Every structure is written in structure tokens, then in C-alpha cells.
>>> print(open('start17.cif').read())   # mmCIF, C-alpha atoms
data_data
#
loop_
_atom_site.group_PDB
_atom_site.id
_atom_site.type_symbol
_atom_site.label_atom_id
_atom_site.label_comp_id
_atom_site.auth_asym_id
_atom_site.auth_seq_id
_atom_site.Cartn_x
_atom_site.Cartn_y
_atom_site.Cartn_z
ATOM 1 C CA MET E 1 0.000 0.000 0.000
ATOM 2 C CA THR E 2 1.308 3.436 -0.950
ATOM 3 C CA THR E 3 1.499 5.957 1.888
ATOM 4 C CA LEU E 4 1.707 9.693 1.294
ATOM 5 C CA LEU E 5 3.936 11.428 3.857
ATOM 6 C CA VAL E 6 3.241 15.062 4.782
ATOM 7 C CA ASP E 7 5.654 17.384 6.598
ATOM 8 C CA ALA E 8 3.819 20.684 7.104
ATOM 9 C CA GLY E 9 6.561 22.990 8.371
ATOM 10 C CA ASN E 10 6.493 26.637 9.331
ATOM 11 C CA THR E 11 6.895 27.989 5.801
ATOM 12 C CA ARG E 12 6.367 25.088 3.365
ATOM 13 C CA VAL E 13 4.763 21.675 3.107
ATOM 14 C CA LYS E 14 6.915 18.775 1.944
ATOM 15 C CA PHE E 15 5.494 15.540 0.528
ATOM 16 C CA GLY E 16 7.139 12.146 0.330
ATOM 17 C CA LEU E 17 6.033 8.654 -0.683
ATOM 18 C CA ARG E 18 6.395 5.184 0.720
ATOM 19 C CA ARG E 19 5.405 2.556 -1.841
ATOM 20 C CA ASP E 20 4.650 -1.127 -1.446
ATOM 21 C CA ARG E 21 8.177 -2.400 -2.119
ATOM 22 C CA ASP E 22 11.352 -3.531 -0.365
ATOM 23 C CA TYR E 23 13.375 -0.708 1.231
ATOM 24 C CA SER E 24 15.665 -2.899 3.336
ATOM 25 C CA ALA E 25 18.836 -1.771 1.532
ATOM 26 C CA MET E 26 17.953 1.933 1.698
ATOM 27 C CA PRO E 27 18.776 4.435 4.463
ATOM 28 C CA ALA E 28 15.053 5.162 4.991
ATOM 29 C CA PRO E 29 11.938 3.205 3.992
ATOM 30 C CA ARG E 30 10.621 5.718 1.453
ATOM 31 C CA GLU E 31 11.266 7.117 -2.008
ATOM 32 C CA THR E 32 14.179 9.550 -2.024
ATOM 33 C CA ALA E 33 12.353 12.241 -4.013
ATOM 34 C CA GLN E 34 10.143 14.797 -2.288
ATOM 35 C CA ARG E 35 8.033 17.760 -3.373
ATOM 36 C CA ALA E 36 7.655 21.094 -1.573
ATOM 37 C CA PHE E 37 5.038 23.822 -1.909
ATOM 38 C CA GLY E 38 4.310 27.153 -0.278
ATOM 39 C CA TYR E 39 1.036 27.568 1.570
ATOM 40 C CA ASP E 40 -0.073 30.125 -1.007
ATOM 41 C CA GLU E 41 -0.076 27.393 -3.681
ATOM 42 C CA PRO E 42 -3.180 25.255 -2.987
ATOM 43 C CA GLU E 43 -3.926 24.940 -6.713
ATOM 44 C CA ALA E 44 -0.413 23.630 -7.357
ATOM 45 C CA ILE E 45 -0.748 21.138 -4.500
ATOM 46 C CA ALA E 46 -4.111 19.964 -5.880
ATOM 47 C CA ALA E 47 -2.657 19.550 -9.375
ATOM 48 C CA TRP E 48 0.282 17.552 -8.013
ATOM 49 C CA LEU E 49 -2.069 15.293 -6.059
ATOM 50 C CA ASP E 50 -4.124 14.765 -9.233
ATOM 51 C CA GLY E 51 -0.976 13.652 -11.022
ATOM 52 C CA LEU E 52 0.008 11.454 -8.101
ATOM 53 C CA VAL E 53 -3.215 9.445 -8.032
ATOM 54 C CA ALA E 54 -3.103 9.070 -11.813
ATOM 55 C CA ALA E 55 0.351 7.492 -11.671
ATOM 56 C CA ASP E 56 0.678 3.736 -12.008
ATOM 57 C CA GLY E 57 0.119 1.878 -8.746
ATOM 58 C CA VAL E 58 -0.697 4.923 -6.609
ATOM 59 C CA ALA E 59 -4.464 5.085 -6.954
ATOM 60 C CA ALA E 60 -5.127 1.750 -5.292
ATOM 61 C CA GLY E 61 -7.448 2.827 -2.517
ATOM 62 C CA PRO E 62 -11.179 2.298 -1.937
ATOM 63 C CA TYR E 63 -12.168 4.510 -4.873
ATOM 64 C CA GLY E 64 -9.987 2.635 -7.389
ATOM 65 C CA SER E 65 -8.624 4.682 -10.272
ATOM 66 C CA ALA E 66 -11.828 6.438 -11.250
ATOM 67 C CA ALA E 67 -13.921 9.120 -9.607
ATOM 68 C CA ALA E 68 -16.764 8.045 -7.343
ATOM 69 C CA ASP E 69 -19.468 10.352 -6.006
ATOM 70 C CA GLY E 70 -17.469 13.335 -7.169
ATOM 71 C CA VAL E 71 -14.374 12.237 -5.269
ATOM 72 C CA ALA E 72 -11.105 11.801 -7.178
ATOM 73 C CA ALA E 73 -9.189 8.544 -7.149
ATOM 74 C CA ALA E 74 -8.086 7.698 -3.624
ATOM 75 C CA ILE E 75 -4.698 7.988 -1.998
ATOM 76 C CA PRO E 76 -4.565 4.828 0.147
ATOM 77 C CA ALA E 77 -3.007 6.257 3.334
ATOM 78 C CA VAL E 78 -1.620 9.572 4.566
ATOM 79 C CA LEU E 79 0.590 10.238 7.597
ATOM 80 C CA GLY E 80 1.582 13.773 8.501
ATOM 81 C CA THR E 81 2.935 16.268 10.975
ATOM 82 C CA ASN E 82 1.889 19.898 11.185
ATOM 83 C CA VAL E 83 3.457 22.856 12.968
ATOM 84 C CA ALA E 84 1.946 25.502 10.666
ATOM 85 C CA GLY E 85 -1.339 25.968 12.499
ATOM 86 C CA ALA E 86 -4.999 25.027 12.225
ATOM 87 C CA ALA E 87 -5.722 26.889 8.979
ATOM 88 C CA VAL E 88 -2.977 25.038 7.104
ATOM 89 C CA GLN E 89 -4.154 21.725 8.530
ATOM 90 C CA ARG E 90 -7.712 22.418 7.349
ATOM 91 C CA MET E 91 -6.447 23.286 3.853
ATOM 92 C CA LEU E 92 -4.421 20.072 3.611
ATOM 93 C CA ASP E 93 -7.272 18.009 5.050
ATOM 94 C CA ASP E 94 -9.626 19.420 2.407
ATOM 95 C CA LEU E 95 -7.203 18.871 -0.468
ATOM 96 C CA LEU E 96 -6.606 15.273 0.532
ATOM 97 C CA ALA E 97 -10.263 14.590 1.293
ATOM 98 C CA ALA E 98 -10.916 15.333 -2.383
ATOM 99 C CA HIS E 99 -8.852 12.195 -3.074
ATOM 100 C CA GLY E 100 -10.612 10.018 -0.539
ATOM 101 C CA ALA E 101 -7.883 10.357 2.065
ATOM 102 C CA THR E 102 -7.967 11.212 5.747
ATOM 103 C CA VAL E 103 -4.660 12.408 7.168
ATOM 104 C CA GLN E 104 -3.459 10.654 10.302
ATOM 105 C CA TRP E 105 -1.785 13.620 11.974
ATOM 106 C CA GLN E 106 1.013 12.486 14.259
ATOM 107 C CA THR E 107 1.846 14.060 17.620
ATOM 108 C CA ALA E 108 4.564 13.488 20.173
ATOM 109 C CA THR E 109 4.126 10.456 22.401
ATOM 110 C CA ALA E 110 5.958 8.971 25.366
ATOM 111 C CA SER E 111 7.751 6.518 23.067
ATOM 112 C CA ARG E 112 7.771 5.404 19.439
ATOM 113 C CA LEU E 113 9.709 2.691 17.598
ATOM 114 C CA GLY E 114 12.148 2.260 20.467
ATOM 115 C CA LEU E 115 12.729 5.978 21.053
ATOM 116 C CA VAL E 116 11.800 7.307 24.508
ATOM 117 C CA ASN E 117 10.654 10.917 24.865
ATOM 118 C CA GLY E 118 12.548 12.650 27.672
ATOM 119 C CA TYR E 119 10.430 15.814 27.776
ATOM 120 C CA ARG E 120 8.854 16.505 31.170
ATOM 121 C CA GLU E 121 5.510 16.623 29.333
ATOM 122 C CA PRO E 122 6.088 14.414 26.276
ATOM 123 C CA THR E 123 3.016 15.579 24.353
ATOM 124 C CA ARG E 124 4.261 19.194 24.399
ATOM 125 C CA LEU E 125 7.239 18.343 22.208
ATOM 126 C CA GLY E 126 6.759 19.593 18.646
ATOM 127 C CA PRO E 127 5.619 16.794 16.316
ATOM 128 C CA ASP E 128 8.230 17.753 13.723
ATOM 129 C CA ARG E 129 11.057 17.458 16.240
ATOM 130 C CA TRP E 130 9.639 14.171 17.537
ATOM 131 C CA LEU E 131 9.119 12.518 14.144
ATOM 132 C CA GLY E 132 12.521 13.814 13.010
ATOM 133 C CA MET E 133 14.144 12.074 15.959
ATOM 134 C CA VAL E 134 12.065 8.951 15.380
ATOM 135 C CA GLY E 135 13.448 8.985 11.841
ATOM 136 C CA ILE E 136 17.042 9.342 13.019
ATOM 137 C CA TRP E 137 16.716 6.621 15.656
ATOM 138 C CA ALA E 138 14.740 4.117 13.590
ATOM 139 C CA CYS E 139 16.915 4.566 10.509
ATOM 140 C CA ALA E 140 20.026 4.106 12.669
ATOM 141 C CA GLN E 141 18.849 0.525 13.287
ATOM 142 C CA ARG E 142 18.678 -0.266 9.557
ATOM 143 C CA PRO E 143 21.378 -2.360 7.814
ATOM 144 C CA ALA E 144 22.362 0.546 5.540
ATOM 145 C CA PHE E 145 23.283 2.610 8.605
ATOM 146 C CA LEU E 146 24.803 -0.131 10.756
ATOM 147 C CA THR E 147 27.445 -0.912 8.150
ATOM 148 C CA THR E 148 28.772 2.659 8.224
ATOM 149 C CA ALA E 149 28.513 3.853 11.841
ATOM 150 C CA PRO E 150 29.976 2.540 15.093
ATOM 151 C CA LEU E 151 27.725 1.293 17.857
ATOM 152 C CA PRO E 152 26.654 2.396 20.359
ATOM 153 C CA THR E 153 26.170 5.931 19.004
ATOM 154 C CA VAL E 154 24.927 9.154 20.586
ATOM 155 C CA HIS E 155 23.042 11.171 17.979
ATOM 156 C CA LEU E 156 22.777 14.945 17.682
ATOM 157 C CA LEU E 157 20.163 16.143 15.179
ATOM 158 C CA ALA E 158 20.579 19.751 14.049
ATOM 159 C CA HIS E 159 17.782 21.125 11.882
ATOM 160 C CA PHE E 160 18.256 24.527 10.230
ATOM 161 C CA GLY E 161 14.860 25.773 9.120
ATOM 162 C CA THR E 162 12.631 28.670 10.140
ATOM 163 C CA ALA E 163 13.827 27.772 13.615
ATOM 164 C CA THR E 164 17.036 25.938 14.432
ATOM 165 C CA THR E 165 16.689 22.924 16.715
ATOM 166 C CA LEU E 166 19.365 20.693 18.234
ATOM 167 C CA ASP E 167 18.192 17.449 19.810
ATOM 168 C CA THR E 168 20.184 14.663 21.460
ATOM 169 C CA ILE E 169 19.392 10.939 21.503
ATOM 170 C CA ASP E 170 21.582 8.788 23.725
ATOM 171 C CA GLU E 171 22.894 5.355 22.804
ATOM 172 C CA THR E 172 19.941 3.600 24.481
ATOM 173 C CA GLY E 173 17.330 5.508 22.495
ATOM 174 C CA HIS E 174 16.378 8.221 24.982
ATOM 175 C CA PHE E 175 15.769 11.772 23.783
ATOM 176 C CA THR E 176 17.542 13.689 26.522
ATOM 177 C CA GLY E 177 16.698 17.285 25.565
ATOM 178 C CA GLY E 178 17.468 19.954 23.027
ATOM 179 C CA LEU E 179 17.693 23.598 22.015
ATOM 180 C CA ILE E 180 15.426 25.881 19.992
ATOM 181 C CA LEU E 181 16.711 29.170 18.588
ATOM 182 C CA PRO E 182 15.757 31.481 15.739
ATOM 183 C CA GLY E 183 16.805 30.215 12.348
ATOM 184 C CA ARG E 184 19.209 31.980 10.009
ATOM 185 C CA GLU E 185 16.577 34.008 8.146
ATOM 186 C CA MET E 186 14.688 34.878 11.314
ATOM 187 C CA MET E 187 17.877 36.221 12.881
ATOM 188 C CA ARG E 188 18.666 38.235 9.770
ATOM 189 C CA ARG E 189 15.148 39.676 9.509
ATOM 190 C CA SER E 190 14.939 40.503 13.193
ATOM 191 C CA LEU E 191 17.950 42.824 12.887
ATOM 192 C CA ALA E 192 16.354 44.563 9.895
ATOM 193 C CA THR E 193 12.917 44.974 11.483
ATOM 194 C CA GLY E 194 13.988 45.532 15.082
ATOM 195 C CA THR E 195 16.519 48.305 14.467
ATOM 196 C CA ALA E 196 16.415 51.666 12.729
ATOM 197 C CA ASN E 197 19.538 51.436 10.598
ATOM 198 C CA LEU E 198 20.493 47.825 9.998
ATOM 199 C CA PRO E 199 19.631 46.324 6.578
ATOM 200 C CA ALA E 200 18.243 42.955 5.535
ATOM 201 C CA ALA E 201 21.807 41.846 4.989
ATOM 202 C CA GLU E 202 22.976 39.780 2.025
ATOM 203 C CA GLY E 203 26.630 39.676 2.982
ATOM 204 C CA HIS E 204 29.360 37.061 3.042
ATOM 205 C CA ILE E 205 30.707 35.165 6.024
ATOM 206 C CA GLN E 206 34.124 36.548 6.936
ATOM 207 C CA PRO E 207 36.444 36.069 9.939
ATOM 208 C CA PHE E 208 36.837 39.859 10.274
ATOM 209 C CA PRO E 209 33.888 41.514 8.453
ATOM 210 C CA GLY E 210 34.584 44.956 7.055
ATOM 211 C CA ASP E 211 31.053 46.157 6.321
ATOM 212 C CA THR E 212 27.593 45.878 7.840
ATOM 213 C CA HIS E 213 26.218 43.281 5.437
ATOM 214 C CA ASP E 214 29.161 40.959 6.016
ATOM 215 C CA ALA E 215 29.051 41.657 9.764
ATOM 216 C CA ILE E 216 25.410 40.529 9.986
ATOM 217 C CA ALA E 217 25.890 37.477 7.763
ATOM 218 C CA SER E 218 28.957 36.454 9.765
ATOM 219 C CA GLY E 219 27.296 37.094 13.118
ATOM 220 C CA VAL E 220 24.249 35.017 12.216
ATOM 221 C CA ALA E 221 26.415 32.137 10.986
ATOM 222 C CA ALA E 222 28.543 32.344 14.131
ATOM 223 C CA ALA E 223 25.422 32.135 16.324
ATOM 224 C CA GLN E 224 24.135 29.061 14.465
ATOM 225 C CA ALA E 225 27.522 27.336 14.521
ATOM 226 C CA GLY E 226 28.062 28.282 18.155
ATOM 227 C CA ALA E 227 24.819 26.556 19.168
ATOM 228 C CA VAL E 228 25.936 23.384 17.400
ATOM 229 C CA ALA E 229 29.345 23.516 19.058
ATOM 230 C CA ARG E 230 27.752 24.099 22.461
ATOM 231 C CA GLN E 231 25.613 20.962 22.171
ATOM 232 C CA TRP E 232 28.443 18.915 20.649
ATOM 233 C CA LEU E 233 30.609 19.760 23.682
ATOM 234 C CA ALA E 234 27.734 19.094 26.099
ATOM 235 C CA VAL E 235 27.232 15.624 24.598
ATOM 236 C CA ARG E 236 30.947 14.843 24.715
ATOM 237 C CA ASP E 237 31.147 15.965 28.346
ATOM 238 C CA ARG E 238 28.120 13.884 29.408
ATOM 239 C CA TYR E 239 28.782 10.682 27.472
ATOM 240 C CA GLY E 240 32.560 10.703 27.197
ATOM 241 C CA ARG E 241 32.553 10.635 23.399
ATOM 242 C CA PRO E 242 31.385 12.964 20.644
ATOM 243 C CA PRO E 243 27.989 12.542 19.008
ATOM 244 C CA LEU E 244 27.264 11.617 15.439
ATOM 245 C CA LEU E 245 25.964 14.897 14.002
ATOM 246 C CA HIS E 246 23.013 14.706 11.606
ATOM 247 C CA VAL E 247 22.055 17.947 9.837
ATOM 248 C CA SER E 248 19.001 18.917 7.816
ATOM 249 C CA GLY E 249 17.049 21.952 6.665
ATOM 250 C CA GLY E 250 17.222 24.548 3.944
ATOM 251 C CA ALA E 251 19.660 26.857 5.751
ATOM 252 C CA TRP E 252 22.327 24.191 6.267
ATOM 253 C CA LEU E 253 24.295 24.881 3.094
ATOM 254 C CA SER E 254 24.628 28.577 3.908
ATOM 255 C CA ILE E 255 26.297 27.887 7.267
ATOM 256 C CA ALA E 256 27.926 24.499 6.642
ATOM 257 C CA THR E 257 31.450 25.869 6.281
ATOM 258 C CA GLU E 258 31.169 27.859 9.512
ATOM 259 C CA VAL E 259 29.861 24.843 11.441
ATOM 260 C CA GLN E 260 32.555 22.543 10.063
ATOM 261 C CA HIS E 261 35.286 25.059 10.876
ATOM 262 C CA LEU E 262 34.122 25.555 14.457
ATOM 263 C CA LEU E 263 33.653 21.845 15.118
ATOM 264 C CA GLY E 264 37.126 21.180 13.773
ATOM 265 C CA ALA E 265 38.517 23.847 16.096
ATOM 266 C CA ILE E 266 37.024 22.126 19.153
ATOM 267 C CA GLY E 267 38.303 18.697 18.167
ATOM 268 C CA SER E 268 35.669 17.018 15.994
ATOM 269 C CA THR E 269 37.003 14.602 13.393
ATOM 270 C CA GLN E 270 33.708 12.912 12.542
ATOM 271 C CA ILE E 271 31.907 13.187 9.239
ATOM 272 C CA ILE E 272 28.704 15.216 9.377
ATOM 273 C CA ARG E 273 25.727 13.225 8.088
ATOM 274 C CA VAL E 274 23.395 15.288 5.899
ATOM 275 C CA VAL E 275 19.792 14.015 6.066
ATOM 276 C CA ASP E 276 17.376 15.108 3.369
ATOM 277 C CA ASN E 277 14.239 15.158 5.563
ATOM 278 C CA PRO E 278 14.269 13.300 8.892
ATOM 279 C CA VAL E 279 10.576 14.086 9.486
ATOM 280 C CA LEU E 280 9.553 12.250 6.304
ATOM 281 C CA ASP E 281 11.950 9.462 7.312
ATOM 282 C CA GLY E 282 10.214 9.205 10.693
ATOM 283 C CA LEU E 283 6.772 9.107 9.113
ATOM 284 C CA ALA E 284 7.985 6.421 6.697
ATOM 285 C CA CYS E 285 9.316 4.332 9.584
ATOM 286 C CA VAL E 286 5.957 4.628 11.370
ATOM 287 C CA ALA E 287 4.194 3.531 8.168
ATOM 288 C CA GLU E 288 6.618 0.627 7.769
ATOM 289 C CA ALA E 289 5.999 -0.555 11.330
ATOM 290 C CA ALA E 290 2.233 -0.325 10.781
ATOM 291 C CA SER E 291 2.471 -2.371 7.591
ATOM 292 C CA TYR E 292 4.471 -5.065 9.386
ATOM 293 C CA SER E 293 1.893 -5.135 12.162
ATOM 294 C CA LEU E 294 -0.950 -5.423 9.653
ATOM 295 C CA SER E 295 0.838 -8.222 7.775
ATOM 296 C CA SER E 296 1.456 -10.192 10.974
ATOM 297 C CA HIS E 297 -2.223 -9.889 11.980
ATOM 298 C CA ARG E 298 -3.297 -11.131 8.550
ATOM 299 C CA SER E 299 -0.932 -14.087 8.712
#
>>> encode(input="start17.cif", output="C-alpha cells")
Amino acid sequence: MTTLLVDAGNTRVKFGLRRDRDYSAMPAPRETAQRAFGYDEPEAIAAWLDGLVAADGVAAGPYGSAAADGVAAAIPAVLGTNVAGAAVQRMLDDLLAAHGATVQWQTATASRLGLVNGYREPTRLGPDRWLGMVGIWACAQRPAFLTTAPLPTVHLLAHFGTATTLDTIDETGHFTGGLILPGREMMRRSLATGTANLPAAEGHIQPFPGDTHDAIASGVAAAQAGAVARQWLAVRDRYGRPPLLHVSGGAWLSIATEVQHLLGAIGSTQIIRVVDNPVLDGLACVAEAASYSLSSHRS
């Protein structure tokens, strides 16, 4: 059964797919491609969904491949997370209902797929952070990961999006806490909107900036990299070894060099693992576990 995966973030919605095939040799149990749309593009999302259900093997739900009672061909299953608010969720619910689908919106729980939620109130953890960590932890148990990484491993997931988050998973599968700070663009915009004379900078990262644009760009990158270094050191101090750093998010490429430089300066020699979308990976792992459970009940 094909499962549509929905990551409704602060500024865009990302879609992924898990098809009915063997993913055992892949890093995550889903297709590698994903599609992203802004929330001002409902017509584009609808058109993409129309194309999706028309594709071979996708429209295999209760409505078959033809319309029934005015409803388009069905998408068999949909799992999603949403941090963009109720209005966005209603829009996505309506768009997918037109294809016979009801979204199973995921929230943080006390545990999932072997990962234990260490928040004092587990349900208050953002669903995107939680499913992202579920993705990191569950995918770290897959053969494709185990052949390349030492065990046991402490994981540090750094996501650079609208907000920057840094979350730690210990070697036993416990989420032990994390940081939230403004993302790169939010930092840059806050200086432009919160001051009288500073611009919306488009400068370059420099060790000794010589103009305002470069000073802002360099300061923002230093703040992002400094947060990563802070958590990397905290993990090393607590567990006696450095974490495996996983990075994701659209702002990563703009600050990657700064992060790598600072981590090297404090003693890191590990390769940084770039993850395309850990939230979609987490949703795919949940879907995979559900399919195994369904298969075992049928057998």
C-alpha cells in the first residue's frame, strides 16, 4: 500500500512517498524524491495530487482509479505532521479529502519505535522534532546505517529551518533534551525589522567583516555554529565521546562551512551526516511498522 507522507513545516509543506516495495537496503523506507510547496499554492498542490493518483500503482485505494461520487481517485493512506497551524491543517485536510484520504496527523508520544521521549511533558514536544528524531533513531537501526557507523552511538540532530533545533538521543534511544533558537533568516530579519539602521543583509561570512552586510551574515552564521558547538561539547562531556551529528534543513548549506570550521577547532574529526528530511523518514518508519503489524495480523 502506498502511503503519502506530509511534513507541514512553518513555511512550506513537503510531501514524500512510501510505496509497497522492499526498502531494506535503503537508508530510509521511502522514495528519495520529495516535493515542496508554499502555503499560497493550494492549486499547485491539488494539481500535483491529481498527477500522483493518476500514476501507475498509486491510486489503489477504496475509490480505485476512477472518480466516485465526485471524489477523485483515492490515496490509500496519509501520515503527517503539522506545525503551521490550524488553517494550514484544514487546507491540507480538504485537499486530501478530495482524493478520498484522511490524514493521520502524528503528535509526540511517550515513546515510538524504540525511542523514549525525555520531555517533562512528552506531548508538548513539537511533532516535527519528535518525528525527526524517530526517523534518526529508527533509521540508525537499519542495515544501511549499521554498516557505516559505530555502535553504540549518541546522535545529535541539528535542523536549520525557520527555527534551528538541536536534539540529542543517547545510545539507548532516549531523547535527553534539546535547544530551539531562531533560524538563520529569522535572525537576519529581526535585525532589519527591530533596528532603525540595519539592513536585511545579504553579505558574506568573513572572519573579520569589514562592512555591515558581512558583519550581519557572519554574526548570524557564528550564532548558528556556536549553538551546534555548544551541544556537541555538552554531549561529549556527558557521554565521554562525541555525538554523530546529523544535519538537515534549507539553511544548512549557507552555514555548513562555519559549522565545520568551528567543530574542527574544538576537536571534531567525525563526518557530518546530511539528512534530506528526517521528518519524512520518521513518518515512513511509522508507516513501515504499521504495515508489518498489519501483515502479521493477517498471517
>>> residues_around(input="start17.cif", residues="segment 276-284 of chain E", least_positions_apart="3", cutoff="8 Å", atoms="all atoms listed in the file", output="CSV table (one decimal) with C-alpha atoms, in the frame of the given file")
chain,number,residue,atom,x,y,z
E,5,LEU,CA,3.9,11.4,3.9
E,6,VAL,CA,3.2,15.1,4.8
E,7,ASP,CA,5.7,17.4,6.6
E,15,PHE,CA,5.5,15.5,0.5
E,16,GLY,CA,7.1,12.1,0.3
E,17,LEU,CA,6.0,8.7,-0.7
E,18,ARG,CA,6.4,5.2,0.7
E,28,ALA,CA,15.1,5.2,5.0
E,29,PRO,CA,11.9,3.2,4.0
E,30,ARG,CA,10.6,5.7,1.5
E,79,LEU,CA,0.6,10.2,7.6
E,80,GLY,CA,1.6,13.8,8.5
E,128,ASP,CA,8.2,17.8,13.7
E,129,ARG,CA,11.1,17.5,16.2
E,131,LEU,CA,9.1,12.5,14.1
E,132,GLY,CA,12.5,13.8,13.0
E,133,MET,CA,14.1,12.1,16.0
E,134,VAL,CA,12.1,9.0,15.4
E,135,GLY,CA,13.4,9.0,11.8
E,136,ILE,CA,17.0,9.3,13.0
E,138,ALA,CA,14.7,4.1,13.6
E,139,CYS,CA,16.9,4.6,10.5
E,248,SER,CA,19.0,18.9,7.8
E,249,GLY,CA,17.0,22.0,6.7
E,287,ALA,CA,4.2,3.5,8.2
E,288,GLU,CA,6.6,0.6,7.8
>>> residues_near_point(input="start17.cif", point="(5.5, 16.3, -6.1)", cutoff="12 Å", atoms="all atoms listed in the file", output="JSON, numbers by chain")
{"E": [4, 5, 6, 13, 14, 15, 16, 17, 31, 32, 33, 34, 35, 36, 37, 44, 45, 46, 47, 48, 49, 50, 51, 52, 53, 55]}
>>> atom_distance(input="start17.cif", atom1="atom CA of Ala222 of chain E", atom2="atom CA of Gly264 of chain E")
14.1 Å
>>> resolve_selection(input="start17.cif", expression="the PyMOL selection byres ((chain E and resi 1) around 7)", output="list in words")
Thr2, Thr3, Arg19, Asp20 and Pro76 of chain E
>>> closest_residue(input="start17.cif", among="E:Ser111, E:Ser24, E:Thr176, E:Ser190", to="Pro143 of chain E", atoms="only C-alpha atoms")
E:Ser24
>>> residues_around(input="start17.cif", residues="Val154 of chain E", least_positions_apart="3", cutoff="9 Å", atoms="all atoms listed in the file", output="PyMOL selection string")
chain E and resi 151+168-173+235+239+241-245
>>> closest_residue(input="start17.cif", among="E:Glu185, E:Arg124, E:Val259, E:Trp252", to="Thr11 of chain E", atoms="all atoms listed in the file")
E:Glu185
>>> residues_near_point(input="start17.cif", point="(22.1, 29.5, 14.4)", cutoff="7 Å", atoms="all atoms listed in the file", output="PDB file with C-alpha atoms, in the frame of the given file")
ATOM      1  CA  THR E 164      17.036  25.938  14.432  1.00  0.00           C
ATOM      2  CA  LEU E 181      16.711  29.170  18.588  1.00  0.00           C
ATOM      3  CA  PRO E 182      15.757  31.481  15.739  1.00  0.00           C
ATOM      4  CA  GLY E 183      16.805  30.215  12.348  1.00  0.00           C
ATOM      5  CA  ARG E 184      19.209  31.980  10.009  1.00  0.00           C
ATOM      6  CA  VAL E 220      24.249  35.017  12.216  1.00  0.00           C
ATOM      7  CA  ALA E 221      26.415  32.137  10.986  1.00  0.00           C
ATOM      8  CA  ALA E 223      25.422  32.135  16.324  1.00  0.00           C
ATOM      9  CA  GLN E 224      24.135  29.061  14.465  1.00  0.00           C
ATOM     10  CA  ALA E 225      27.522  27.336  14.521  1.00  0.00           C
ATOM     11  CA  ALA E 227      24.819  26.556  19.168  1.00  0.00           C
TER      12      ALA E 227
END
>>> resolve_selection(input="start17.cif", expression="the PyMOL selection byres ((chain E and resi 274) around 8)", output="number ranges by chain")
E: 246-248, 272-273, 275-276
>>> residues_around(input="start17.cif", residues="Gly203 of chain E", least_positions_apart="2", cutoff="12 Å", atoms="all atoms listed in the file", output="list in words")
Arg188, Pro199, Ala200, Ala201, Ile205, Gln206, Pro209, Gly210, Asp211, Thr212, His213, Asp214, Ala215, Ile216, Ala217, Ser218, Gly219, Val220, Ala221 and Ser254 of chain E
>>> atom_distance(input="start17.cif", atom1="atom CA of Leu198 of chain E", atom2="atom CA of Glu258 of chain E")
22.6 Å
>>> atom_distance(input="start17.cif", atom1="atom CA of Tyr39 of chain E", atom2="atom CA of Thr123 of chain E")
25.8 Å
>>> closest_residue(input="start17.cif", among="E:Val78, E:Ala144, E:Ala256, E:Ala289", to="Val103 of chain E", atoms="all atoms listed in the file")
E:Val78
>>> closest_residue(input="start17.cif", among="E:Ala158, E:Met187, E:Ala97, E:Cys285", to="Ala140 of chain E", atoms="only C-alpha atoms")
E:Cys285
>>> axis_aligned_box(input="start17.cif", around="segment 131-147 of chain E", padding_each_side="5 Å", output="JSON")
{"center_x": 18.3, "center_y": 5.7, "center_z": 10.7, "size_x": 28.3, "size_y": 26.2, "size_z": 20.4}
>>> residues_around(input="start17.cif", residues="Gly177 of chain E", least_positions_apart="2", cutoff="7 Å", atoms="only C-alpha atoms", output="PyMOL selection string")
chain E and resi 118-119+167-168+175
>>> residues_around(input="start17.cif", residues="Ala110 of chain E", least_positions_apart="4", cutoff="7 Å", atoms="all atoms listed in the file", output="list in words")
Val116, Asn117 and Pro122 of chain E
>>> closest_residue(input="start17.cif", among="E:Ala8, E:Gln270, E:Gly178, E:Arg142", to="Gln89 of chain E", atoms="only C-alpha atoms")
E:Ala8
